[in-house]
>>> print(open('data_16.cif').read())   # mmCIF, C-alpha atoms and all ligand atoms
data_work
loop_
_atom_site.label_atom_id
_atom_site.label_comp_id
_atom_site.auth_asym_id
_atom_site.auth_seq_id
_atom_site.Cartn_x
_atom_site.Cartn_y
_atom_site.Cartn_z
CA MET I 1 0.95 12.40 -30.34
CA THR I 2 -0.30 13.12 -26.82
CA ARG I 3 1.84 12.44 -23.81
CA HIS I 4 -0.36 9.51 -22.81
CA GLU I 5 0.52 7.47 -25.83
CA HIS I 6 3.68 5.48 -25.49
CA PRO I 7 5.74 5.00 -28.60
CA THR I 8 8.50 2.99 -26.92
CA PRO I 9 8.01 -0.72 -26.28
CA GLY I 10 8.03 -0.08 -22.54
CA CYS I 11 9.40 -2.59 -20.06
CA ARG I 12 6.67 -5.25 -20.06
CA ASP I 13 8.99 -7.82 -21.56
CA ALA I 14 12.22 -6.49 -20.11
CA PRO I 15 14.36 -9.02 -18.22
CA VAL I 16 13.98 -8.98 -14.45
CA LEU I 17 16.84 -9.72 -12.10
CA ARG I 18 15.53 -12.05 -9.40
CA GLU I 19 17.15 -11.65 -6.01
CA ARG I 20 16.58 -14.12 -3.21
CA GLY I 21 18.83 -13.09 -0.37
CA GLN I 22 18.71 -11.27 2.92
CA ARG I 23 15.81 -8.83 3.27
CA GLU I 24 15.70 -5.62 5.24
CA VAL I 25 12.12 -4.44 5.36
CA PHE I 26 9.46 -3.81 7.97
CA CYS I 27 6.88 -6.52 8.50
CA GLY I 28 3.17 -6.47 7.70
CA LEU I 29 2.21 -5.34 11.21
CA THR I 30 3.13 -1.82 10.10
CA GLY I 31 -0.07 -1.63 8.04
CA ILE I 32 -2.09 -1.49 11.26
CA VAL I 33 -0.83 2.06 11.72
CA TRP I 34 -2.79 3.34 8.72
CA LEU I 35 -5.55 0.72 8.63
CA HIS I 36 -6.87 1.50 12.10
CA ARG I 37 -7.48 5.09 10.98
CA LYS I 38 -9.55 3.93 8.03
CA MET I 39 -11.74 1.65 10.12
CA PRO I 40 -12.71 3.47 13.32
CA ASP I 41 -14.88 0.57 14.53
CA ALA I 42 -12.13 -2.03 14.10
CA PHE I 43 -9.59 -3.33 16.58
CA PHE I 44 -6.33 -5.07 15.69
CA LEU I 45 -5.15 -7.63 18.19
CA VAL I 46 -1.64 -8.74 17.34
CA VAL I 47 -0.88 -12.22 18.60
CA GLY I 48 2.83 -11.92 19.01
CA SER I 49 5.94 -11.29 21.02
CA ARG I 50 7.35 -8.29 22.86
CA THR I 51 9.20 -7.34 19.68
CA CYS I 52 5.85 -6.95 17.91
CA ALA I 53 4.54 -4.78 20.75
CA HIS I 54 7.61 -2.57 20.52
CA LEU I 55 7.34 -2.26 16.76
CA LEU I 56 3.72 -1.14 16.99
CA GLN I 57 4.43 1.27 19.79
CA SER I 58 7.30 2.93 17.98
CA ALA I 59 5.63 2.91 14.56
CA ALA I 60 2.48 4.42 16.02
CA GLY I 61 3.88 6.51 18.85
CA VAL I 62 1.28 9.22 18.35
CA MET I 63 -1.45 6.82 19.32
CA ILE I 64 -0.61 7.02 23.00
CA PHE I 65 -2.70 10.20 23.08
CA ALA I 66 -5.77 8.51 21.64
CA GLU I 67 -7.86 5.56 22.72
CA PRO I 68 -5.82 2.85 21.04
CA ARG I 69 -7.40 0.60 18.52
CA PHE I 70 -4.69 -1.99 18.51
CA ALA I 71 -2.87 -4.03 21.09
CA THR I 72 -0.58 -6.99 21.36
CA ALA I 73 -1.59 -10.19 23.07
CA ILE I 74 1.86 -11.25 24.17
CA LEU I 75 1.94 -14.97 24.32
CA GLU I 76 4.91 -16.11 26.35
CA GLU I 77 6.67 -19.38 25.67
CA THR I 78 4.80 -20.95 28.57
CA ASP I 79 1.41 -19.89 27.17
CA LEU I 80 2.29 -21.56 23.97
CA ALA I 81 3.53 -24.80 25.44
CA GLY I 82 0.08 -26.29 24.95
CA MET I 83 -1.91 -25.06 21.99
CA ALA I 84 -5.22 -25.65 23.77
CA ASP I 85 -4.03 -23.28 26.53
CA ALA I 86 -3.06 -20.69 23.95
CA GLN I 87 -6.53 -20.77 22.37
CA GLU I 88 -8.11 -20.40 25.81
CA GLU I 89 -5.79 -17.53 26.64
CA LEU I 90 -6.79 -15.82 23.41
CA ASP I 91 -10.47 -16.25 24.27
CA ARG I 92 -9.85 -14.67 27.67
CA VAL I 93 -7.93 -11.73 26.18
CA VAL I 94 -10.71 -11.10 23.65
CA ALA I 95 -13.47 -11.36 26.27
CA ARG I 96 -11.65 -8.82 28.47
CA LEU I 97 -11.15 -6.49 25.51
CA LEU I 98 -14.80 -6.64 24.46
CA ALA I 99 -16.03 -6.05 28.01
CA ARG I 100 -14.00 -2.85 28.02
CA ARG I 101 -14.71 -1.86 24.40
CA PRO I 102 -18.25 -2.86 23.40
CA ASP I 103 -18.04 -0.41 20.46
CA ILE I 104 -15.71 -2.73 18.51
CA ARG I 105 -17.48 -4.14 15.43
CA ARG I 106 -14.55 -5.74 13.62
CA LEU I 107 -11.77 -7.54 15.38
CA PHE I 108 -8.69 -8.62 13.47
CA LEU I 109 -6.47 -11.29 15.01
CA VAL I 110 -3.10 -10.55 13.45
CA GLY I 111 -0.51 -13.32 13.33
CA SER I 112 3.22 -12.70 13.69
CA CYS I 113 6.58 -14.42 13.39
CA PRO I 114 7.24 -16.60 16.45
CA SER I 115 6.96 -20.23 15.40
CA GLU I 116 4.51 -20.89 18.24
CA VAL I 117 2.19 -18.21 16.87
CA ILE I 118 2.48 -19.60 13.37
CA LYS I 119 1.36 -22.96 14.73
CA LEU I 120 -1.65 -21.37 16.36
CA ASP I 121 -4.68 -21.63 14.06
CA LEU I 122 -5.89 -18.03 14.12
CA GLY I 123 -8.48 -18.73 11.41
CA ARG I 124 -10.12 -21.29 13.67
CA ALA I 125 -9.89 -18.91 16.63
CA ALA I 126 -11.55 -16.16 14.57
CA ALA I 127 -14.42 -18.45 13.55
CA ARG I 128 -14.92 -19.57 17.17
CA LEU I 129 -14.84 -15.99 18.49
CA SER I 130 -17.24 -14.80 15.76
CA ALA I 131 -19.69 -17.51 16.81
CA THR I 132 -19.35 -16.53 20.48
CA HIS I 133 -19.52 -12.75 20.10
CA GLY I 134 -21.40 -12.31 16.78
CA PRO I 135 -23.35 -11.14 14.96
CA ALA I 136 -22.59 -7.62 16.26
CA LEU I 137 -18.88 -8.43 16.12
CA ARG I 138 -17.07 -10.00 13.21
CA VAL I 139 -13.70 -11.59 13.94
CA LEU I 140 -11.22 -12.12 11.12
CA SER I 141 -7.59 -13.14 11.01
CA TYR I 142 -4.56 -12.49 8.83
CA SER I 143 -0.81 -12.70 9.09
CA GLY I 144 1.47 -9.69 9.46
CA SER I 145 4.52 -11.87 10.01
CA GLY I 146 7.77 -10.49 8.67
CA ILE I 147 8.67 -13.96 7.40
CA GLU I 148 5.80 -13.91 4.95
CA THR I 149 5.18 -10.24 4.29
CA THR I 150 6.79 -6.92 3.54
CA PHE I 151 5.23 -3.95 5.25
CA THR I 152 2.61 -3.07 2.65
CA GLN I 153 1.45 -6.66 2.38
CA GLY I 154 -0.12 -6.31 5.82
CA GLU I 155 -2.82 -4.18 4.18
CA ASP I 156 -3.16 -6.70 1.37
CA ALA I 157 -3.55 -9.58 3.84
CA CYS I 158 -6.09 -7.60 5.90
CA LEU I 159 -8.25 -6.63 2.92
CA ALA I 160 -8.02 -10.12 1.43
CA ALA I 161 -9.23 -11.54 4.77
CA MET I 162 -12.32 -9.30 4.59
CA VAL I 163 -13.38 -10.34 1.09
CA PRO I 164 -14.85 -13.82 1.78
CA ALA I 165 -17.09 -12.29 4.47
CA LEU I 166 -18.53 -9.55 2.22
CA PRO I 167 -22.20 -9.92 1.32
CA GLU I 168 -23.06 -10.95 -2.24
CA THR I 169 -24.58 -8.50 -4.71
CA PRO I 170 -25.51 -8.84 -8.37
CA VAL I 171 -25.46 -5.04 -8.83
CA ARG I 172 -23.16 -3.51 -11.43
CA GLN I 173 -20.94 -1.26 -9.35
CA LEU I 174 -17.45 0.07 -8.98
CA MET I 175 -15.39 -1.07 -6.03
CA VAL I 176 -12.25 0.88 -5.21
CA ALA I 177 -9.85 -1.26 -3.18
CA GLY I 178 -7.04 0.16 -1.06
CA ALA I 179 -6.90 2.39 2.01
CA LEU I 180 -6.66 6.09 1.20
CA PRO I 181 -6.48 9.01 3.64
CA ASP I 182 -9.99 10.47 4.08
CA VAL I 183 -9.17 13.74 2.32
CA VAL I 184 -7.88 11.86 -0.74
CA GLU I 185 -10.84 9.50 -0.69
CA ASP I 186 -13.18 12.51 -0.76
CA GLN I 187 -11.35 13.95 -3.78
CA MET I 188 -11.64 10.61 -5.56
CA ARG I 189 -15.37 10.45 -4.78
CA GLY I 190 -15.75 13.95 -6.22
CA LEU I 191 -14.09 12.89 -9.48
CA LEU I 192 -16.12 9.67 -9.78
CA ASP I 193 -19.36 11.55 -8.96
CA GLY I 194 -18.50 14.09 -11.63
CA LEU I 195 -18.05 11.28 -14.13
CA GLY I 196 -21.35 9.73 -13.03
CA ILE I 197 -19.73 6.43 -12.05
CA ALA I 198 -21.97 4.83 -9.42
CA PRO I 199 -22.73 3.02 -7.23
CA LEU I 200 -19.38 3.04 -5.49
CA ALA I 201 -18.20 0.57 -2.84
CA LEU I 202 -14.99 1.05 -0.90
CA LEU I 203 -12.74 -1.65 0.49
CA PRO I 204 -12.03 -1.19 3.35
CA ALA I 205 -15.37 0.37 4.24
CA ARG I 206 -15.16 2.86 7.09
CA ARG I 207 -17.86 1.08 9.10
CA ALA I 208 -18.68 -2.59 9.39
CA ASP I 209 -22.33 -1.90 8.49
CA ALA I 210 -21.48 0.19 5.40
CA ALA I 211 -22.80 -1.20 2.15
CA CYS I 212 -19.75 -3.04 0.85
CA ALA I 213 -20.82 -6.08 -1.12
CA VAL I 214 -19.28 -7.90 -4.06
CA GLY I 215 -20.40 -10.11 -6.90
CA PRO I 216 -20.26 -10.74 -10.65
CA GLY I 217 -21.44 -7.19 -11.45
CA THR I 218 -18.56 -5.65 -9.49
CA VAL I 219 -15.77 -3.94 -11.36
CA VAL I 220 -12.71 -3.37 -9.18
CA ALA I 221 -10.15 -0.60 -9.44
CA LEU I 222 -7.11 -0.88 -7.19
CA VAL I 223 -5.46 2.26 -5.84
CA GLN I 224 -2.40 0.48 -4.45
CA PRO I 225 -0.02 -1.76 -6.38
CA PHE I 226 0.51 -4.17 -3.48
CA LEU I 227 -2.98 -5.70 -3.35
CA GLY I 228 -2.30 -8.94 -5.23
CA ASP I 229 -4.02 -11.24 -2.72
CA THR I 230 -6.99 -8.89 -2.39
CA ARG I 231 -7.29 -8.81 -6.16
CA ALA I 232 -7.30 -12.62 -6.31
CA ALA I 233 -9.85 -12.87 -3.47
CA LEU I 234 -12.18 -10.41 -5.23
CA GLU I 235 -11.86 -12.35 -8.48
CA ARG I 236 -12.82 -15.51 -6.61
CA ARG I 237 -16.04 -13.70 -5.65
CA GLY I 238 -16.79 -13.07 -9.32
CA ALA I 239 -15.55 -9.47 -9.52
CA ARG I 240 -13.54 -8.23 -12.51
CA VAL I 241 -10.43 -6.15 -11.94
CA ILE I 242 -9.51 -3.33 -14.31
CA ASP I 243 -5.77 -3.12 -14.62
CA ALA I 244 -4.59 0.42 -15.26
CA PRO I 245 -1.67 2.61 -14.23
CA PHE I 246 -2.05 3.61 -10.59
CA PRO I 247 -3.35 7.09 -9.72
CA PHE I 248 -0.01 8.69 -8.90
CA GLY I 249 0.77 11.97 -10.63
CA GLU I 250 -1.30 13.71 -13.29
CA GLU I 251 -0.72 11.07 -15.91
CA GLY I 252 -1.39 8.06 -13.67
CA THR I 253 -4.56 9.64 -12.29
CA THR I 254 -5.84 10.50 -15.76
CA LEU I 255 -5.14 7.01 -17.11
CA TRP I 256 -6.72 5.36 -14.06
CA LEU I 257 -9.86 7.48 -14.42
CA ALA I 258 -9.88 6.99 -18.20
CA ALA I 259 -9.90 3.20 -17.78
CA LEU I 260 -12.95 3.51 -15.51
CA ALA I 261 -14.61 6.02 -17.83
CA ARG I 262 -14.25 3.53 -20.71
CA GLU I 263 -15.67 0.73 -18.61
CA PHE I 264 -18.70 2.78 -17.50
CA GLY I 265 -19.31 4.45 -20.87
CA VAL I 266 -18.56 8.03 -19.82
CA ALA I 267 -18.70 10.45 -22.78
CA PRO I 268 -15.29 11.95 -23.72
CA GLU I 269 -16.70 15.49 -23.34
CA ARG I 270 -17.80 14.76 -19.81
CA PHE I 271 -14.42 13.24 -19.00
CA GLU I 272 -12.71 16.34 -20.33
CA ALA I 273 -15.03 18.69 -18.43
CA VAL I 274 -14.44 16.89 -15.11
CA THR I 275 -10.69 16.37 -15.41
CA ALA I 276 -9.39 19.40 -17.36
CA ALA I 277 -9.06 21.81 -14.43
CA PRO I 278 -7.53 19.41 -11.87
CA ARG I 279 -5.19 18.06 -14.57
CA ALA I 280 -3.94 21.53 -15.34
CA ARG I 281 -3.48 22.24 -11.62
CA ALA I 282 -1.60 18.98 -11.16
CA ARG I 283 0.69 19.65 -14.12
CA ARG I 284 1.54 23.10 -12.81
CA ALA I 285 2.19 21.83 -9.31
CA VAL I 286 4.37 18.96 -10.57
CA ALA I 287 6.34 21.25 -12.89
CA GLN I 288 7.15 23.54 -10.00
CA ALA I 289 8.05 20.82 -7.51
CA ALA I 290 10.05 18.88 -10.10
CA GLU I 291 12.53 21.65 -10.81
CA ALA I 292 15.02 20.07 -8.43
CA LEU I 293 14.46 16.62 -9.95
CA ARG I 294 15.00 17.21 -13.65
CA GLY I 295 18.00 15.36 -15.06
CA LYS I 296 18.68 13.62 -11.73
CA THR I 297 19.12 9.86 -11.36
CA ILE I 298 17.19 7.65 -8.95
CA SER I 299 17.38 4.05 -7.68
CA PHE I 300 14.76 2.15 -5.72
CA LEU I 301 15.69 -0.57 -3.26
CA PRO I 302 12.83 -3.06 -2.87
CA ASP I 303 10.57 -2.02 -0.04
CA SER I 304 7.03 -0.67 -0.47
CA GLN I 305 5.92 -2.24 -3.78
CA LEU I 306 5.14 1.31 -4.90
CA GLU I 307 8.45 1.41 -6.75
CA LEU I 308 7.28 0.86 -10.34
CA PRO I 309 4.42 3.39 -10.38
CA LEU I 310 6.64 5.93 -8.64
CA ALA I 311 9.47 5.38 -11.10
CA ARG I 312 6.99 5.86 -13.93
CA PHE I 313 5.82 9.15 -12.38
CA LEU I 314 9.32 10.43 -11.68
CA THR I 315 10.72 9.56 -15.09
CA ARG I 316 7.76 10.65 -17.23
CA GLU I 317 6.49 13.67 -15.31
CA CYS I 318 9.49 14.90 -13.35
CA GLY I 319 12.34 14.35 -15.81
CA MET I 320 14.34 11.92 -13.66
CA ARG I 321 16.27 8.91 -14.96
CA ALA I 322 15.79 5.59 -13.19
CA VAL I 323 18.94 3.52 -12.72
CA GLU I 324 17.50 0.52 -10.87
CA ILE I 325 13.93 -0.21 -9.84
CA GLY I 326 13.86 -2.92 -7.20
CA THR I 327 10.54 -4.19 -5.92
CA PRO I 328 9.80 -6.97 -3.42
CA TYR I 329 7.29 -8.66 -5.77
CA LEU I 330 6.56 -7.95 -9.39
CA HIS I 331 2.95 -8.83 -10.17
CA ARG I 332 3.14 -8.78 -13.97
CA GLU I 333 -0.57 -8.55 -14.67
CA MET I 334 -1.25 -5.83 -12.14
CA LEU I 335 1.84 -3.81 -13.02
CA GLY I 336 1.74 -4.49 -16.77
CA PRO I 337 0.22 -1.06 -17.60
CA GLU I 338 2.98 0.59 -15.54
CA LEU I 339 5.69 -1.44 -17.30
CA ASP I 340 4.23 -0.40 -20.66
CA LEU I 341 4.80 3.24 -19.79
CA LEU I 342 8.30 2.84 -18.44
CA ALA I 343 11.04 3.59 -20.94
CA PRO I 344 13.61 0.79 -21.31
CA GLY I 345 16.89 1.34 -19.56
CA PRO I 346 16.68 0.83 -15.80
CA VAL I 347 17.62 -2.49 -14.20
CA LEU I 348 14.42 -4.13 -12.97
CA SER I 349 14.90 -6.36 -9.97
CA GLU I 350 12.50 -8.41 -7.89
CA GLY I 351 13.14 -9.62 -4.36
CA GLN I 352 16.01 -8.63 -2.18
CA ASP I 353 19.64 -9.44 -1.74
CA VAL I 354 20.69 -6.41 0.15
CA ASP I 355 24.47 -6.75 -0.25
CA ARG I 356 24.35 -7.17 -3.99
CA GLN I 357 21.88 -4.34 -4.34
CA LEU I 358 24.08 -2.07 -2.24
CA ASP I 359 27.08 -2.97 -4.40
CA ARG I 360 25.21 -1.92 -7.54
CA LEU I 361 24.00 1.23 -5.81
CA ARG I 362 27.52 2.22 -4.74
CA ALA I 363 28.77 1.67 -8.28
CA ALA I 364 25.99 3.77 -9.83
CA ARG I 365 25.82 6.45 -7.10
CA PRO I 366 22.41 7.81 -8.13
CA ASP I 367 21.41 11.32 -7.07
CA LEU I 368 18.59 9.86 -4.97
CA THR I 369 17.93 6.43 -3.45
CA VAL I 370 14.53 5.33 -2.18
CA CYS I 371 14.97 2.76 0.58
CA GLY I 372 13.88 1.47 3.97
CA LEU I 373 14.63 3.30 7.20
CA GLY I 374 17.37 0.89 8.21
CA LEU I 375 19.43 1.55 5.10
CA ALA I 376 18.90 5.30 4.84
CA ASN I 377 21.32 6.45 7.54
CA PRO I 378 24.31 4.36 6.44
CA LEU I 379 23.76 5.47 2.84
CA GLU I 380 23.53 9.12 3.86
CA ALA I 381 26.82 8.64 5.70
CA GLU I 382 28.31 7.48 2.40
CA GLY I 383 27.16 10.72 0.77
CA LEU I 384 24.08 9.31 -0.97
CA ALA I 385 20.80 11.24 -0.72
CA THR I 386 17.93 9.02 0.41
CA LYS I 387 14.16 9.03 0.67
CA TRP I 388 12.34 6.74 3.10
CA ALA I 389 9.96 4.50 1.22
CA ILE I 390 7.66 4.23 4.23
CA GLU I 391 6.94 7.96 4.12
CA LEU I 392 5.28 7.44 0.75
CA VAL I 393 2.79 5.06 2.29
CA PHE I 394 1.98 7.36 5.21
CA SER I 395 1.61 10.54 3.12
CA PRO I 396 -1.38 11.55 0.95
CA VAL I 397 0.10 11.00 -2.52
CA HIS I 398 -2.75 9.78 -4.77
CA PHE I 399 -4.76 11.69 -7.39
CA TYR I 400 -4.47 15.15 -8.91
CA GLU I 401 -4.36 17.40 -5.88
CA GLN I 402 -1.46 15.49 -4.32
CA ALA I 403 0.65 15.20 -7.49
CA GLY I 404 2.73 18.28 -6.67
CA ASP I 405 3.27 17.09 -3.09
CA LEU I 406 4.38 13.70 -4.39
CA ALA I 407 7.07 15.31 -6.54
CA GLY I 408 7.94 17.54 -3.57
CA LEU I 409 8.59 14.52 -1.35
CA PHE I 410 11.40 13.47 -3.69
CA ALA I 411 12.68 17.00 -4.26
CA ARG I 412 13.10 17.70 -0.54
CA PRO I 413 16.17 15.54 0.14
CA LEU I 414 17.90 16.96 -2.95
CA ARG I 415 17.11 20.53 -1.93
CA ARG I 416 18.34 19.84 1.58
CA ARG I 417 21.67 18.64 0.26
CA ALA I 418 21.93 21.67 -1.99
CA VAL I 419 21.25 23.98 0.97
CA LEU I 420 23.88 22.17 2.99
CA GLY I 421 26.28 22.69 0.10
CA LEU I 422 26.69 18.96 -0.45
CA GLU I 423 25.81 19.14 -4.13
CA PRO I 424 24.10 21.49 -6.59
CA ALA I 425 20.28 21.37 -6.83
FE1 LIG I 501 9.19 -8.68 14.35
FE2 LIG I 501 7.81 -10.63 13.21
FE3 LIG I 501 6.69 -9.25 15.20
FE4 LIG I 501 7.07 -8.11 12.82
S1 LIG I 501 5.72 -9.84 13.25
S2 LIG I 501 7.55 -7.20 14.81
S3 LIG I 501 8.99 -9.05 12.14
S4 LIG I 501 8.50 -10.58 15.36
#
>>> encode(input="data_16.cif", output="structure tokens")
Amino acid sequence: MTRHEHPTPGCRDAPVLRERGQREVFCGLTGIVWLHRKMPDAFFLVVGSRTCAHLLQSAAGVMIFAEPRFATAILEETDLAGMADAQEELDRVVARLLARRPDIRRLFLVGSCPSEVIKLDLGRAAARLSATHGPALRVLSYSGSGIETTFTQGEDACLAAMVPALPETPVRQLMVAGALPDVVEDQMRGLLDGLGIAPLALLPARRADAACAVGPGTVVALVQPFLGDTRAALERRGARVIDAPFPFGEEGTTLWLAALAREFGVAPERFEAVTAAPRARARRAVAQAAEALRGKTISFLPDSQLELPLARFLTRECGMRAVEIGTPYLHREMLGPELDLLAPGPVLSEGQDVDRQLDRLRAARPDLTVCGLGLANPLEAEGLATKWAIELVFSPVHFYEQAGDLAGLFARPLRRRAVLGLEPA
């Protein structure tokens, strides 16, 4: 039996503990930090409060050295007293921005938490502004509010907002959805080229005028497990989504590519010829980086929605044992192939009730806990090793060449503790 067959029943039908309590996660505005890099001709205008401005500034501190491609239109209480005034104020802010930055081709109005902002119809504002400033500029809107979203859902909401505006095509093509760092995207293109899978559309496209269209001939592969709304929006446009394990680690990457190879009729010999060398490299790199992980236990607090694919990678390729895998939302269809691969045993939980989750964590005391920034320091103070979930979204972690680095990200906190003499590696 090869390692890609799974003799155990997996976790697809395992019970899931549903938590509906206090949440401690970043909001969807955070996605702007990586999305603006993927779309150099886009601008993100957050319609929000001073808190939102502070979050963006601190999350994207490095941007102060570059021409920023996001800003916050701070609408004070007084601006929002009359909704008509707020819409006019927004028009003024956008006109000023465009006068200064005529290079902007895509403008995203990003909603936030304050109740006044929620009442503001940003969809209507986007349509009005598109009519005024189009066709060279397309204005779209989505919500990054922390009430509705966890931090990765900002990307989902942004991509989903783009889908209805994509041109229609009948062409049979592959669309890869999800923002990847450029270097990783290039590696993926190399693999798909090698397999002869074409034409390829990317969502998000780097440029507004790039050929990104959708229609009934489009087959979609997601590279991120948090794109549920984008997936639904693409299906509404007639596209068909291939559900497969996500391309994390050697195994995930191979299974993701294999699902596409099946769909596009790639000969097994060609698949082998294209993937054999990078697979071997990935296995070697993972084996080396995973030395510190073997036999160690891990728990995930719900944060990034990457938890299930990462737990699959860490348990199957790095020899870890998962104690609890918490995820903010469990999209059964999209994550079904991941659940199939996951050996029964860990507690699966969906949603957050931070106190109860911390109680279980303290009882289990896993060797490593993946959690949000806010929880990491207190847990470290209690002697628990932690890994920030957000780092996994900011780092290049997809596909073969990053598999070793992905294992290394988890090994680092354990090695650090060993060096500090806190526990053996
Ligand atoms: Fe805070 Fe909400 Fe603004 Fe996010 S959108 S920074 S959670 S006020």
>>> residues_near_point(input="data_16.cif", point="(-3.5, 11.9, -9.9)", cutoff="10 Å", atoms="only C-alpha atoms", output="ChimeraX atom specification")
/I:188,246-257,278-279,282-283,397-404,406
>>> closest_residue(input="data_16.cif", among="I:Arg37, I:Arg12, I:Arg262, I:Arg18", to="Thr327 in chain I", atoms="all atoms listed in the file")
I:Arg18
>>> closest_atom_pairs(input="data_16.cif", of="chain I", to="ligand LIG 501 (chain I)", cutoff="7 Å", atoms="all atoms listed in the file", output="Markdown table")
| residue | atom | partner | partner_atom | distance |
| --- | --- | --- | --- | --- |
| I:Phe26 | CA | I:LIG501 | S3 | 6.7 |
| I:Cys27 | CA | I:LIG501 | FE4 | 4.6 |
| I:Gly28 | CA | I:LIG501 | FE4 | 6.6 |
| I:Leu29 | CA | I:LIG501 | FE4 | 5.8 |
| I:Gly48 | CA | I:LIG501 | FE3 | 6.0 |
| I:Ser49 | CA | I:LIG501 | FE3 | 6.2 |
| I:Thr51 | CA | I:LIG501 | S2 | 5.1 |
| I:Cys52 | CA | I:LIG501 | S2 | 3.5 |
| I:Leu55 | CA | I:LIG501 | S2 | 5.3 |
| I:Ser112 | CA | I:LIG501 | S1 | 3.8 |
| I:Cys113 | CA | I:LIG501 | FE2 | 4.0 |
| I:Pro114 | CA | I:LIG501 | S4 | 6.2 |
| I:Gly144 | CA | I:LIG501 | S1 | 5.7 |
| I:Ser145 | CA | I:LIG501 | S1 | 4.0 |
| I:Gly146 | CA | I:LIG501 | S3 | 4.0 |
| I:Ile147 | CA | I:LIG501 | FE2 | 6.8 |
>>> residues_around(input="data_16.cif", residues="Pro396 in chain I", least_positions_apart="3", cutoff="8 Å", atoms="all atoms listed in the file", output="PDB file with C-alpha atoms, keeping the file's coordinate frame")
ATOM      1  CA  LEU I 180      -6.660   6.090   1.200  1.00  0.00           C
ATOM      2  CA  PRO I 181      -6.480   9.010   3.640  1.00  0.00           C
ATOM      3  CA  VAL I 184      -7.880  11.860  -0.740  1.00  0.00           C
ATOM      4  CA  LEU I 392       5.280   7.440   0.750  1.00  0.00           C
ATOM      5  CA  VAL I 393       2.790   5.060   2.290  1.00  0.00           C
ATOM      6  CA  GLN I 402      -1.460  15.490  -4.320  1.00  0.00           C
TER       7      GLN I 402
END
>>> closest_residue(input="data_16.cif", among="I:Leu227, I:Leu379, I:Leu384, I:Leu120", to="Leu335 in chain I", atoms="only C-alpha atoms")
I:Leu227
>>> atom_distance(input="data_16.cif", atom1="CA of Leu414 in chain I", atom2="CA of Ala385 in chain I")
6.8 Å
>>> atom_distance(input="data_16.cif", atom1="CA of Arg240 in chain I", atom2="CA of Asp209 in chain I")
23.6 Å
>>> atom_distance(input="data_16.cif", atom1="CA of Leu348 in chain I", atom2="CA of Cys318 in chain I")
19.7 Å
>>> closest_residue(input="data_16.cif", among="I:Leu90, I:Ala208, I:Leu191, I:Ala161", to="Arg105 in chain I", atoms="only C-alpha atoms")
I:Ala208
>>> closest_residue(input="data_16.cif", among="I:Glu291, I:Glu235, I:Asp91, I:Asp303", to="Phe151 in chain I", atoms="all atoms listed in the file")
I:Asp303
>>> closest_residue(input="data_16.cif", among="I:Leu361, I:Ala343, I:Leu306, I:Leu129", to="Tyr329 in chain I", atoms="only C-alpha atoms")
I:Leu306
>>> residues_around(input="data_16.cif", residues="Ser304 in chain I", least_positions_apart="4", cutoff="7 Å", atoms="all atoms listed in the file", output="VMD selection string")
chain I and resid 151 to 152 389 to 390
>>> axis_aligned_box(input="data_16.cif", around="range 262-265 of chain I", padding_each_side="4 Å", output="lines of an AutoDock Vina configuration file")
center_x = -16.8
center_y = 2.6
center_z = -19.2
size_x = 13.1
size_y = 11.7
size_z = 11.4
>>> residues_around(input="data_16.cif", residues="Pro309 in chain I", least_positions_apart="2", cutoff="8 Å", atoms="all atoms listed in the file", output="list in words")
Pro225, Pro245, Phe246, Phe248, Leu306, Glu307, Ala311, Arg312, Phe313 and Glu338 of chain I
>>> closest_residue(input="data_16.cif", among="I:Val323, I:Ala136, I:Ala259, I:Val223", to="Ala363 in chain I", atoms="all atoms listed in the file")
I:Val323
>>> residues_near_point(input="data_16.cif", point="(20.7, -1.8, -11.4)", cutoff="12 Å", atoms="all atoms listed in the file", output="ChimeraX atom specification")
/I:15-19,297-302,322-327,345-350,356-366,369
